[in-house]
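A.B. asks: Provided herewith: upload-v7.cif, mmCIF, C-alpha atoms.
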```
data_structure
loop_
_atom_site.label_atom_id
_atom_site.label_comp_id
_atom_site.auth_asym_id
_atom_site.auth_seq_id
_atom_site.Cartn_x
_atom_site.Cartn_y
_atom_site.Cartn_z
CA MET A 1 -45.10 -29.80 -20.05
CA PRO A 2 -43.77 -26.24 -19.98
CA ARG A 3 -44.18 -24.63 -16.60
CA ILE A 4 -45.61 -21.36 -17.89
CA PRO A 5 -48.35 -20.33 -20.35
CA LEU A 6 -46.87 -20.27 -23.87
CA VAL A 7 -47.52 -17.35 -26.17
CA THR A 8 -48.07 -19.01 -29.54
CA ARG A 9 -50.48 -16.60 -31.24
CA HIS A 10 -50.75 -12.87 -31.80
CA GLY A 11 -54.04 -12.95 -29.89
CA ASP A 12 -52.41 -14.44 -26.79
CA LEU A 13 -51.04 -10.99 -25.93
CA PRO A 14 -53.02 -7.86 -25.05
CA ALA A 15 -53.28 -5.45 -27.99
CA PRO A 16 -50.57 -3.00 -26.84
CA ASN A 17 -48.02 -5.86 -26.75
CA GLN A 18 -48.96 -7.67 -29.94
CA HIS A 19 -46.37 -5.78 -31.98
CA PHE A 20 -43.61 -7.62 -30.08
CA PHE A 21 -45.02 -10.94 -31.24
CA ASP A 22 -45.47 -9.62 -34.78
CA ARG A 23 -41.89 -8.39 -34.98
CA ILE A 24 -40.49 -11.80 -34.07
CA ILE A 25 -42.67 -13.38 -36.76
CA ARG A 26 -41.60 -10.73 -39.27
CA THR A 27 -37.87 -11.11 -38.62
CA ARG A 28 -37.68 -14.85 -37.95
CA GLY A 29 -40.74 -16.37 -39.60
CA ARG A 30 -41.78 -18.24 -36.46
CA VAL A 31 -41.79 -17.96 -32.70
CA ALA A 32 -39.49 -20.69 -31.38
CA ALA A 33 -40.40 -22.42 -28.13
CA PRO A 34 -38.04 -20.42 -25.86
CA PHE A 35 -39.58 -17.23 -27.22
CA GLN A 36 -43.07 -18.53 -26.51
CA VAL A 37 -41.86 -18.54 -22.90
CA LEU A 38 -40.06 -15.20 -23.09
CA LEU A 39 -43.12 -13.46 -24.56
CA ASN A 40 -44.56 -13.52 -21.05
CA SER A 41 -42.31 -10.45 -20.83
CA PRO A 42 -42.85 -9.24 -24.41
CA ASP A 43 -40.30 -6.43 -24.57
CA VAL A 44 -37.59 -8.73 -23.21
CA ALA A 45 -38.45 -11.39 -25.81
CA ASP A 46 -38.07 -8.83 -28.58
CA ARG A 47 -34.67 -7.66 -27.35
CA VAL A 48 -33.37 -11.21 -26.87
CA ALA A 49 -34.53 -12.06 -30.39
CA SER A 50 -32.53 -9.13 -31.72
CA VAL A 51 -29.30 -10.34 -30.06
CA GLY A 52 -30.00 -13.90 -31.21
CA GLU A 53 -30.55 -12.92 -34.82
CA PHE A 54 -27.08 -11.47 -34.92
CA LEU A 55 -25.37 -14.40 -33.24
CA LEU A 56 -27.22 -17.07 -35.20
CA TYR A 57 -27.23 -15.49 -38.66
CA ASP A 58 -24.90 -12.51 -38.92
CA THR A 59 -21.88 -13.89 -37.10
CA VAL A 60 -18.53 -14.02 -38.87
CA LEU A 61 -17.99 -17.57 -37.59
CA SER A 62 -18.29 -20.39 -40.10
CA PRO A 63 -21.08 -22.96 -39.62
CA PRO A 64 -18.66 -25.69 -38.45
CA ALA A 65 -17.11 -23.32 -35.90
CA LYS A 66 -20.34 -21.81 -34.58
CA THR A 67 -22.15 -25.14 -34.26
CA LEU A 68 -19.22 -26.53 -32.29
CA VAL A 69 -19.53 -23.58 -29.87
CA TRP A 70 -23.27 -24.28 -29.55
CA LEU A 71 -22.66 -27.95 -28.75
CA ILE A 72 -20.10 -27.18 -26.06
CA ALA A 73 -22.30 -24.57 -24.35
CA ALA A 74 -25.39 -26.82 -24.51
CA ARG A 75 -23.43 -29.74 -23.03
CA GLU A 76 -21.90 -27.74 -20.18
CA TYR A 77 -25.31 -26.37 -19.13
CA ASP A 78 -27.17 -29.67 -19.61
CA CYS A 79 -29.59 -28.13 -22.08
CA ASP A 80 -31.32 -30.93 -24.02
CA TYR A 81 -33.23 -28.54 -26.22
CA GLU A 82 -30.12 -26.66 -27.36
CA TRP A 83 -28.21 -29.90 -27.72
CA THR A 84 -30.82 -31.49 -29.99
CA ALA A 85 -30.94 -28.46 -32.27
CA SER A 86 -27.17 -27.98 -32.29
CA VAL A 87 -26.44 -31.61 -33.21
CA ARG A 88 -28.67 -31.32 -36.25
CA HIS A 89 -26.91 -28.14 -37.39
CA ALA A 90 -23.47 -29.50 -36.56
CA ARG A 91 -24.03 -32.57 -38.74
CA GLN A 92 -25.24 -30.37 -41.60
CA ALA A 93 -22.06 -28.31 -41.18
CA GLY A 94 -19.97 -31.45 -41.48
CA LEU A 95 -18.82 -31.99 -37.91
CA PRO A 96 -17.80 -35.65 -37.45
CA ASP A 97 -19.88 -37.87 -35.16
CA ALA A 98 -16.76 -38.76 -33.13
CA LEU A 99 -16.36 -35.08 -32.21
CA ILE A 100 -20.04 -34.68 -31.33
CA ASP A 101 -19.88 -37.81 -29.16
CA ALA A 102 -16.77 -36.58 -27.35
CA ILE A 103 -18.47 -33.27 -26.53
CA ARG A 104 -21.58 -35.09 -25.30
CA GLU A 105 -19.52 -37.35 -23.05
CA ARG A 106 -17.23 -34.49 -21.95
CA LYS A 107 -14.19 -36.43 -23.19
CA PRO A 108 -11.05 -35.10 -24.81
CA PRO A 109 -11.86 -35.31 -28.53
CA ALA A 110 -9.34 -36.99 -30.88
CA GLY A 111 -8.35 -36.24 -34.48
CA LEU A 112 -9.32 -32.57 -34.45
CA THR A 113 -8.34 -29.89 -36.92
CA ARG A 114 -6.27 -27.09 -35.43
CA GLU A 115 -9.34 -24.81 -35.52
CA GLN A 116 -11.47 -27.31 -33.62
CA GLU A 117 -8.72 -27.95 -31.09
CA VAL A 118 -8.39 -24.24 -30.28
CA LEU A 119 -12.15 -23.78 -30.13
CA VAL A 120 -12.78 -26.69 -27.76
CA GLU A 121 -10.02 -25.58 -25.40
CA PHE A 122 -11.07 -21.92 -25.41
CA CYS A 123 -14.75 -22.67 -24.79
CA ARG A 124 -14.16 -25.28 -22.11
CA GLN A 125 -11.82 -22.96 -20.19
CA LEU A 126 -14.40 -20.17 -20.27
CA LEU A 127 -17.22 -22.46 -19.17
CA ARG A 128 -15.37 -24.36 -16.44
CA GLY A 129 -13.23 -23.84 -13.34
CA ASN A 130 -12.53 -20.19 -12.67
CA HIS A 131 -13.94 -19.19 -16.08
CA ARG A 132 -10.67 -17.73 -17.32
CA VAL A 133 -8.70 -18.43 -20.48
CA ASP A 134 -4.94 -18.89 -20.11
CA ASP A 135 -2.58 -16.76 -22.19
CA ALA A 136 -1.53 -19.55 -24.55
CA THR A 137 -5.12 -20.49 -25.37
CA TYR A 138 -6.16 -16.87 -25.73
CA ARG A 139 -3.27 -16.20 -28.13
CA ALA A 140 -4.08 -19.34 -30.11
CA ALA A 141 -7.73 -18.26 -30.46
CA VAL A 142 -6.86 -14.78 -31.67
CA GLU A 143 -4.28 -16.19 -34.09
CA GLN A 144 -6.76 -18.71 -35.45
CA PHE A 145 -9.90 -16.58 -35.62
CA GLY A 146 -8.90 -12.93 -35.15
CA VAL A 147 -10.18 -10.61 -32.41
CA ALA A 148 -13.61 -9.90 -33.94
CA ALA A 149 -14.52 -13.57 -34.25
CA THR A 150 -13.08 -14.43 -30.84
CA VAL A 151 -15.38 -11.84 -29.25
CA GLN A 152 -18.29 -13.46 -31.07
CA ILE A 153 -17.29 -16.91 -29.80
CA ALA A 154 -17.43 -15.62 -26.21
CA ALA A 155 -20.69 -13.75 -26.82
CA MET A 156 -22.20 -16.82 -28.45
CA ILE A 157 -21.33 -18.96 -25.44
CA GLY A 158 -23.02 -16.30 -23.33
CA TYR A 159 -26.16 -16.28 -25.47
CA PHE A 160 -26.46 -20.04 -25.28
CA VAL A 161 -25.97 -20.04 -21.52
CA MET A 162 -28.60 -17.31 -21.16
CA LEU A 163 -31.12 -19.26 -23.22
CA ALA A 164 -30.18 -22.51 -21.44
CA PHE A 165 -31.43 -20.90 -18.22
CA VAL A 166 -34.74 -20.12 -19.91
CA VAL A 167 -35.12 -23.57 -21.43
CA ASN A 168 -34.11 -25.35 -18.22
CA ALA A 169 -36.04 -23.14 -15.80
CA PHE A 170 -39.31 -23.45 -17.72
CA GLU A 171 -38.75 -27.02 -18.99
CA VAL A 172 -39.15 -26.24 -22.67
CA ASP A 173 -39.90 -29.44 -24.61
CA PRO A 174 -36.70 -30.62 -26.41
CA THR A 175 -38.72 -32.07 -29.30
CA GLU A 176 -39.57 -28.47 -30.22
CA ALA A 177 -35.90 -28.05 -31.15
CA GLU A 178 -36.51 -29.79 -34.48
CA SER A 179 -37.72 -26.53 -36.04
CA ASP A 180 -35.80 -23.44 -37.08
CA PRO A 181 -34.99 -20.92 -35.88
CA PHE A 182 -34.59 -22.73 -32.62
CA LEU A 183 -33.19 -19.90 -30.47
CA MET B 20 -4.43 -6.36 -17.82
CA ALA B 21 -7.29 -6.08 -20.28
CA ARG B 22 -6.67 -7.89 -23.53
CA LEU B 23 -8.62 -5.32 -25.55
CA SER B 24 -8.89 -1.57 -25.38
CA MET B 25 -11.73 0.83 -26.08
CA ILE B 26 -12.79 1.56 -29.64
CA GLU B 27 -13.55 5.25 -29.92
CA ARG B 28 -16.33 6.50 -32.15
CA GLU B 29 -13.97 8.10 -34.65
CA GLN B 30 -12.12 4.80 -35.16
CA LEU B 31 -15.24 3.24 -36.63
CA PRO B 32 -16.29 3.50 -40.26
CA GLU B 33 -18.92 6.22 -40.66
CA ASP B 34 -21.78 3.80 -41.23
CA GLN B 35 -20.99 2.07 -37.92
CA ARG B 36 -20.89 5.15 -35.71
CA ARG B 37 -24.63 5.16 -35.13
CA PHE B 38 -24.22 1.92 -33.15
CA HIS B 39 -21.59 3.55 -30.96
CA ASP B 40 -24.00 6.45 -30.40
CA ALA B 41 -26.78 4.01 -29.51
CA VAL B 42 -24.65 2.23 -26.91
CA ARG B 43 -23.54 5.50 -25.42
CA THR B 44 -27.10 6.84 -25.21
CA MET B 45 -28.31 3.75 -23.42
CA ARG B 46 -25.38 3.55 -21.03
CA ARG B 47 -25.43 7.29 -20.21
CA ARG B 48 -21.87 6.97 -18.92
CA PRO B 49 -18.49 6.42 -20.53
CA ILE B 50 -18.69 3.12 -22.37
CA SER B 51 -17.03 0.33 -20.40
CA GLY B 52 -17.02 -3.37 -19.68
CA PRO B 53 -18.71 -5.75 -22.06
CA PHE B 54 -19.20 -3.02 -24.65
CA ILE B 55 -15.46 -2.62 -25.05
CA THR B 56 -15.28 -6.23 -26.20
CA LEU B 57 -18.35 -6.08 -28.42
CA LEU B 58 -17.35 -2.80 -30.12
CA ASN B 59 -14.06 -4.49 -31.04
CA SER B 60 -16.10 -7.07 -32.92
CA SER B 61 -19.41 -5.69 -34.12
CA PRO B 62 -20.88 -2.32 -33.13
CA ASP B 63 -24.23 -3.67 -34.32
CA LEU B 64 -24.05 -6.54 -31.82
CA ALA B 65 -22.94 -4.10 -29.10
CA ALA B 66 -26.04 -1.96 -29.67
CA ARG B 67 -28.33 -5.00 -29.56
CA VAL B 68 -26.81 -6.22 -26.29
CA ALA B 69 -26.98 -2.71 -24.79
CA GLN B 70 -30.68 -2.56 -25.65
CA LEU B 71 -31.27 -5.84 -23.81
CA GLY B 72 -29.10 -4.87 -20.85
CA HIS B 73 -30.90 -1.58 -20.43
CA TYR B 74 -34.00 -3.53 -19.44
CA PHE B 75 -32.30 -4.99 -16.38
CA HIS B 76 -30.03 -2.13 -15.44
CA ALA B 77 -30.41 -0.40 -12.13
CA ARG B 78 -28.99 3.05 -11.82
CA GLY B 79 -32.26 4.76 -11.17
CA GLN B 80 -32.39 5.73 -14.83
CA ALA B 81 -33.87 2.56 -16.20
CA ASP B 82 -36.83 0.93 -14.62
CA GLU B 83 -38.20 -1.16 -17.39
CA SER B 84 -38.16 -4.43 -15.49
CA ILE B 85 -41.00 -5.22 -13.14
CA LEU B 86 -38.50 -6.69 -10.67
CA SER B 87 -37.27 -4.39 -7.91
CA VAL B 88 -33.82 -2.85 -8.17
CA LYS B 89 -32.85 -4.82 -5.10
CA VAL B 90 -33.70 -8.15 -6.72
CA ARG B 91 -31.86 -7.22 -9.92
CA THR B 92 -28.72 -6.09 -8.15
CA PHE B 93 -28.78 -9.19 -5.95
CA ILE B 94 -28.97 -11.38 -9.06
CA ALA B 95 -26.03 -9.47 -10.57
CA LEU B 96 -23.96 -10.37 -7.50
CA ILE B 97 -25.03 -14.02 -7.53
CA SER B 98 -24.15 -14.32 -11.22
CA SER B 99 -20.82 -12.51 -10.83
CA ARG B 100 -19.79 -14.78 -7.97
CA ALA B 101 -20.78 -17.99 -9.76
CA LEU B 102 -19.01 -17.02 -12.98
CA ASP B 103 -16.04 -15.24 -11.36
CA GLY B 104 -17.01 -11.97 -13.00
CA THR B 105 -14.70 -9.49 -11.31
CA TYR B 106 -15.73 -6.56 -13.51
CA GLU B 107 -19.43 -7.08 -12.88
CA TRP B 108 -18.93 -7.60 -9.18
CA GLY B 109 -17.00 -4.36 -8.94
CA ALA B 110 -19.64 -2.49 -10.92
CA TRP B 111 -22.66 -3.86 -9.07
CA VAL B 112 -21.67 -4.22 -5.44
CA ARG B 113 -22.19 -0.53 -4.70
CA TRP B 114 -25.59 -0.46 -6.41
CA ALA B 115 -26.62 -3.60 -4.55
CA LEU B 116 -25.75 -2.03 -1.19
CA GLN B 117 -27.58 1.15 -2.18
CA ALA B 118 -30.64 -0.89 -3.19
CA GLY B 119 -30.81 -2.55 0.22
CA VAL B 120 -28.83 -5.78 -0.10
CA SER B 121 -27.17 -6.03 3.31
CA ARG B 122 -23.42 -5.90 3.93
CA VAL B 123 -23.62 -9.33 5.59
CA THR B 124 -25.28 -10.79 2.49
CA VAL B 125 -22.76 -9.20 0.13
CA ASP B 126 -19.85 -10.60 2.16
CA ALA B 127 -21.37 -14.07 2.31
CA ILE B 128 -21.98 -14.21 -1.45
CA ARG B 129 -18.45 -13.02 -2.14
CA GLU B 130 -17.02 -15.72 0.13
CA ARG B 131 -19.36 -18.40 -1.23
CA ARG B 132 -21.06 -18.85 2.14
CA ALA B 133 -24.81 -19.18 2.75
CA PRO B 134 -25.97 -15.70 3.82
CA PRO B 135 -27.60 -15.75 7.27
CA ASP B 136 -31.06 -14.35 7.96
CA LEU B 137 -32.17 -13.73 4.40
CA ALA B 138 -35.64 -12.29 3.85
CA PRO B 139 -37.92 -14.88 2.20
CA GLU B 140 -37.79 -13.13 -1.19
CA ASP B 141 -33.99 -12.98 -1.17
CA ALA B 142 -33.72 -16.61 -0.10
CA LEU B 143 -36.00 -17.61 -2.97
CA VAL B 144 -33.99 -15.61 -5.54
CA LEU B 145 -30.72 -17.08 -4.30
CA ASP B 146 -32.08 -20.61 -4.30
CA PHE B 147 -33.58 -20.36 -7.79
CA CYS B 148 -30.47 -18.79 -9.32
CA THR B 149 -28.10 -21.22 -7.61
CA GLN B 150 -30.05 -24.20 -8.92
CA LEU B 151 -29.82 -22.88 -12.49
CA LEU B 152 -26.12 -22.02 -12.17
CA THR B 153 -24.90 -25.25 -10.59
CA GLY B 154 -25.42 -29.02 -10.57
CA ASN B 155 -27.59 -30.19 -13.46
CA HIS B 156 -28.83 -26.61 -14.05
CA ARG B 157 -32.46 -27.43 -13.28
CA ALA B 158 -34.89 -25.73 -10.88
CA SER B 159 -36.83 -28.06 -8.57
CA ASP B 160 -40.63 -28.06 -8.75
CA ALA B 161 -40.91 -26.59 -5.26
CA THR B 162 -38.53 -23.72 -5.99
CA TYR B 163 -40.09 -23.01 -9.36
CA ARG B 164 -43.60 -22.98 -7.90
CA ALA B 165 -42.55 -20.66 -5.09
CA ALA B 166 -40.97 -18.26 -7.60
CA LEU B 167 -44.02 -18.31 -9.87
CA GLU B 168 -46.31 -17.66 -6.94
CA HIS B 169 -44.19 -14.82 -5.61
CA PHE B 170 -43.19 -13.04 -8.85
CA GLY B 171 -45.91 -14.07 -11.32
CA ALA B 172 -45.31 -15.33 -14.87
CA GLN B 173 -43.75 -12.12 -16.21
CA GLY B 174 -41.70 -11.66 -13.05
CA VAL B 175 -40.25 -15.14 -13.10
CA VAL B 176 -39.30 -14.75 -16.79
CA GLU B 177 -37.54 -11.51 -15.90
CA LEU B 178 -35.81 -13.15 -12.96
CA VAL B 179 -34.38 -15.89 -15.18
CA MET B 180 -33.47 -13.37 -17.87
CA THR B 181 -31.74 -11.03 -15.44
CA LEU B 182 -29.56 -13.94 -14.43
CA GLY B 183 -29.13 -14.87 -18.09
CA TYR B 184 -28.11 -11.38 -19.14
CA PHE B 185 -25.44 -11.06 -16.48
CA ALA B 186 -24.18 -14.55 -17.28
CA MET B 187 -24.09 -13.77 -21.00
CA ILE B 188 -21.88 -10.72 -20.62
CA ALA B 189 -19.59 -12.50 -18.14
CA PHE B 190 -18.09 -14.63 -20.92
CA PRO B 191 -16.69 -11.84 -23.13
CA LEU B 192 -15.61 -9.94 -20.01
CA ASN B 193 -13.70 -12.95 -18.70
CA ALA B 194 -12.26 -13.97 -22.07
CA PHE B 195 -10.71 -10.55 -22.57
CA GLU B 196 -9.93 -9.85 -18.90
CA ILE B 197 -11.71 -6.52 -18.93
CA GLY B 198 -11.05 -4.51 -15.78
CA PRO B 199 -12.95 -1.61 -14.22
CA SER B 200 -13.19 1.67 -16.08
CA ALA B 201 -11.35 4.77 -14.86
CA GLU B 202 -14.66 6.08 -13.56
CA GLN B 203 -15.37 2.89 -11.63
CA THR B 204 -11.88 2.91 -10.13
CA ARG B 205 -12.37 6.52 -9.03
CA GLU B 206 -15.74 5.78 -7.43
CA ARG B 207 -14.70 2.53 -5.80
CA ASP B 208 -14.89 2.27 -2.03
CA PRO B 209 -11.29 1.49 -1.01
CA ALA B 210 -12.59 -0.64 1.87
CA GLU B 211 -14.58 -2.83 -0.52
CA PRO B 212 -12.75 -6.08 -1.20
CA GLY B 213 -12.74 -7.21 -4.81
CA LEU B 214 -14.03 -10.59 -5.90
CA PRO B 215 -11.43 -13.29 -5.26
CA ILE B 216 -11.15 -15.88 -8.03
#
```
The structure in this file should be written as structure tokens.
C.D. replies:
Amino acid sequence: MPRIPLVTRHGDLPAPNQHFFDRIIRTRGRVAAPFQVLLNSPDVADRVASVGEFLLYDTVLSPPAKTLVWLIAAREYDCDYEWTASVRHARQAGLPDALIDAIRERKPPAGLTREQEVLVEFCRQLLRGNHRVDDATYRAAVEQFGVAATVQIAAMIGYFVMLAFVVNAFEVDPTEAESDPFL
Amino acid sequence: MARLSMIEREQLPEDQRRFHDAVRTMRRRPISGPFITLLNSSPDLAARVAQLGHYFHARGQADESILSVKVRTFIALISSRALDGTYEWGAWVRWALQAGVSRVTVDAIRERRAPPDLAPEDALVLDFCTQLLTGNHRASDATYRAALEHFGAQGVVELVMTLGYFAMIAFPLNAFEIGPSAEQTRERDPAEPGLPI
């Protein structure tokens, strides 16, 4: 049970705020569960949706790369909802089950491509310990992905952590993660 | 040493300059911090993030959030400490002190100690944020209920999102080791210790 009233219909908001709901429907086709929570502060929901649209759909990262970032962030912040949705997308993008399992169990993954190896190391360093990336890993990321994409990797981690707080704080139902868009 | 430097407006293709203008308008100061990283990637993304950040910002120019400036600045400090965000700490500590967060509280957060004698509202904010940032990243029923009762549904969403926003921008800042802007360095209180990491 979510801990807060969910905004699922246009009519759930007072008239002056209904345009925020309508804009999310117009741009995304549906209001995903975390946004049903966020619409309790309608203007915030709208602005988060705008950042999310970019990071989910307009990013320069390939589907295998971006879904791997999602999995790592969801795992590190114990976000069942994000994990469920990310696994589905990661499989569609061709990520092997062994890699997904290693991320879930926080183990060192084996048999990675160079791109995956760099990505896992970069993301885990940012998310753990003192939240810094050592020079060698930073250089490897920029060499592998370029600066523009590396910025988007870091921003994407941030977006998933931000939404993990929402999902975890308000106990959003993980079964809702079966639909798209999920964040 | 920052790993990226500022992208000036004239370095962008003409059709991207409007995003630079949008960020600058919302920030109302020289562009710094997270926006240096984002403008190196996508000016469009930078403008979207600036629009979100404006909601939570606290320089007396932006009071969109229903949370008090004190609560927002306190959350910025809690997030910076937990995620080792030296840039954010440096930017926000002065505003937090101005907004009424006590010197004793600031020092305790910086040194990862429990602040003594917190007002009930501050204790609640710290407890809620700490539960989301650490351990299994869940908020207990008692803490959640207390927050909902105190801040209301919209307020508690904005509390979680203020924390989320500052956490979100910490990752690009840390990845690219972005330091304080020239303006922030000039305005910095020399007696103010930085955030140790």
A.B. asks: List the residues matched by the PyMOL selection byres ((chain A and resi 72-86) around 7) in the displayed structure as a PyMOL selection string, ordered by chain and then by residue number.
C.D. replies: (chain A and resi 67-71+87-90+103-104+157+160-161+164+168+173-174+177-178+182) or (chain B and resi 155-156)
A.B. asks: List the residues matched by the PyMOL selection byres ((chain A and resi 47-63) around 8) in the displayed structure as a PDB file with C-alpha atoms, in the frame of the given file, ordered by chain and then by residue number.
C.D. replies:
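So the final result, stored in result09.pdb, reads:
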```
ATOM      1  CA  ILE A  24     -40.490 -11.800 -34.070  1.00  0.00           C
ATOM      2  CA  PHE A  35     -39.580 -17.230 -27.220  1.00  0.00           C
ATOM      3  CA  ASP A  43     -40.300  -6.430 -24.570  1.00  0.00           C
ATOM      4  CA  VAL A  44     -37.590  -8.730 -23.210  1.00  0.00           C
ATOM      5  CA  ALA A  45     -38.450 -11.390 -25.810  1.00  0.00           C
ATOM      6  CA  ASP A  46     -38.070  -8.830 -28.580  1.00  0.00           C
ATOM      7  CA  PRO A  64     -18.660 -25.690 -38.450  1.00  0.00           C
ATOM      8  CA  ALA A  65     -17.110 -23.320 -35.900  1.00  0.00           C
ATOM      9  CA  LYS A  66     -20.340 -21.810 -34.580  1.00  0.00           C
ATOM     10  CA  THR A  67     -22.150 -25.140 -34.260  1.00  0.00           C
ATOM     11  CA  ALA A  90     -23.470 -29.500 -36.560  1.00  0.00           C
ATOM     12  CA  ALA A  93     -22.060 -28.310 -41.180  1.00  0.00           C
ATOM     13  CA  ALA A 149     -14.520 -13.570 -34.250  1.00  0.00           C
ATOM     14  CA  GLN A 152     -18.290 -13.460 -31.070  1.00  0.00           C
ATOM     15  CA  ILE A 153     -17.290 -16.910 -29.800  1.00  0.00           C
ATOM     16  CA  ALA A 155     -20.690 -13.750 -26.820  1.00  0.00           C
ATOM     17  CA  MET A 156     -22.200 -16.820 -28.450  1.00  0.00           C
ATOM     18  CA  TYR A 159     -26.160 -16.280 -25.470  1.00  0.00           C
ATOM     19  CA  LEU A 183     -33.190 -19.900 -30.470  1.00  0.00           C
TER      20      LEU A 183
ATOM     21  CA  LEU B  64     -24.050  -6.540 -31.820  1.00  0.00           C
ATOM     22  CA  ARG B  67     -28.330  -5.000 -29.560  1.00  0.00           C
ATOM     23  CA  VAL B  68     -26.810  -6.220 -26.290  1.00  0.00           C
ATOM     24  CA  GLN B  70     -30.680  -2.560 -25.650  1.00  0.00           C
ATOM     25  CA  LEU B  71     -31.270  -5.840 -23.810  1.00  0.00           C
TER      26      LEU B  71
END
```
A.B. asks: I need the chain B residues near chain A as a CSV table (one decimal) with C-alpha atoms, in the frame of the given file; criterion: at most 8 Å, counting only C-alpha atoms.
C.D. replies:
```csv
chain,number,residue,atom,x,y,z
B,56,THR,CA,-15.3,-6.2,-26.2
B,57,LEU,CA,-18.4,-6.1,-28.4
B,59,ASN,CA,-14.1,-4.5,-31.0
B,60,SER,CA,-16.1,-7.1,-32.9
B,61,SER,CA,-19.4,-5.7,-34.1
B,64,LEU,CA,-24.0,-6.5,-31.8
B,67,ARG,CA,-28.3,-5.0,-29.6
B,68,VAL,CA,-26.8,-6.2,-26.3
B,70,GLN,CA,-30.7,-2.6,-25.6
B,71,LEU,CA,-31.3,-5.8,-23.8
B,74,TYR,CA,-34.0,-3.5,-19.4
B,102,LEU,CA,-19.0,-17.0,-13.0
B,103,ASP,CA,-16.0,-15.2,-11.4
B,151,LEU,CA,-29.8,-22.9,-12.5
B,155,ASN,CA,-27.6,-30.2,-13.5
B,156,HIS,CA,-28.8,-26.6,-14.0
B,157,ARG,CA,-32.5,-27.4,-13.3
B,158,ALA,CA,-34.9,-25.7,-10.9
B,163,TYR,CA,-40.1,-23.0,-9.4
B,172,ALA,CA,-45.3,-15.3,-14.9
B,173,GLN,CA,-43.8,-12.1,-16.2
B,174,GLY,CA,-41.7,-11.7,-13.0
B,176,VAL,CA,-39.3,-14.8,-16.8
B,177,GLU,CA,-37.5,-11.5,-15.9
B,179,VAL,CA,-34.4,-15.9,-15.2
B,180,MET,CA,-33.5,-13.4,-17.9
B,182,LEU,CA,-29.6,-13.9,-14.4
B,183,GLY,CA,-29.1,-14.9,-18.1
B,184,TYR,CA,-28.1,-11.4,-19.1
B,186,ALA,CA,-24.2,-14.6,-17.3
B,187,MET,CA,-24.1,-13.8,-21.0
B,188,ILE,CA,-21.9,-10.7,-20.6
B,189,ALA,CA,-19.6,-12.5,-18.1
B,190,PHE,CA,-18.1,-14.6,-20.9
B,191,PRO,CA,-16.7,-11.8,-23.1
B,193,ASN,CA,-13.7,-13.0,-18.7
B,194,ALA,CA,-12.3,-14.0,-22.1
B,216,ILE,CA,-11.2,-15.9,-8.0
```
A.B. asks: Which residues match the PyMOL selection byres ((chain B and resi 214) around 7) in the file above, as a PyMOL selection string?
C.D. replies: chain B and resi 105+108+129+212-213+215-216
A.B. asks: Could you name the residues that touch region 33-50 of chain B at 9 Å or less, counting only C-alpha atoms, but leaving out those on the same chain fewer than 6 positions away, as a list of chain:residue names?
C.D. replies: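 That gives B:Met25, B:Glu27, B:Leu58, B:Ser61, B:Pro62, B:Asp63, B:Leu64, B:Ala65, B:Ala66, B:Arg67, B:Val68, B:Ala69, B:Gln70, B:His73, B:Gln80, B:Ser200, B:Glu202.
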A.B. asks: How many Å separate CA of Glu130 (chain B) from CA of Glu206 (chain B)?
C.D. replies: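 Those two atoms sit 22.8 Å apart.
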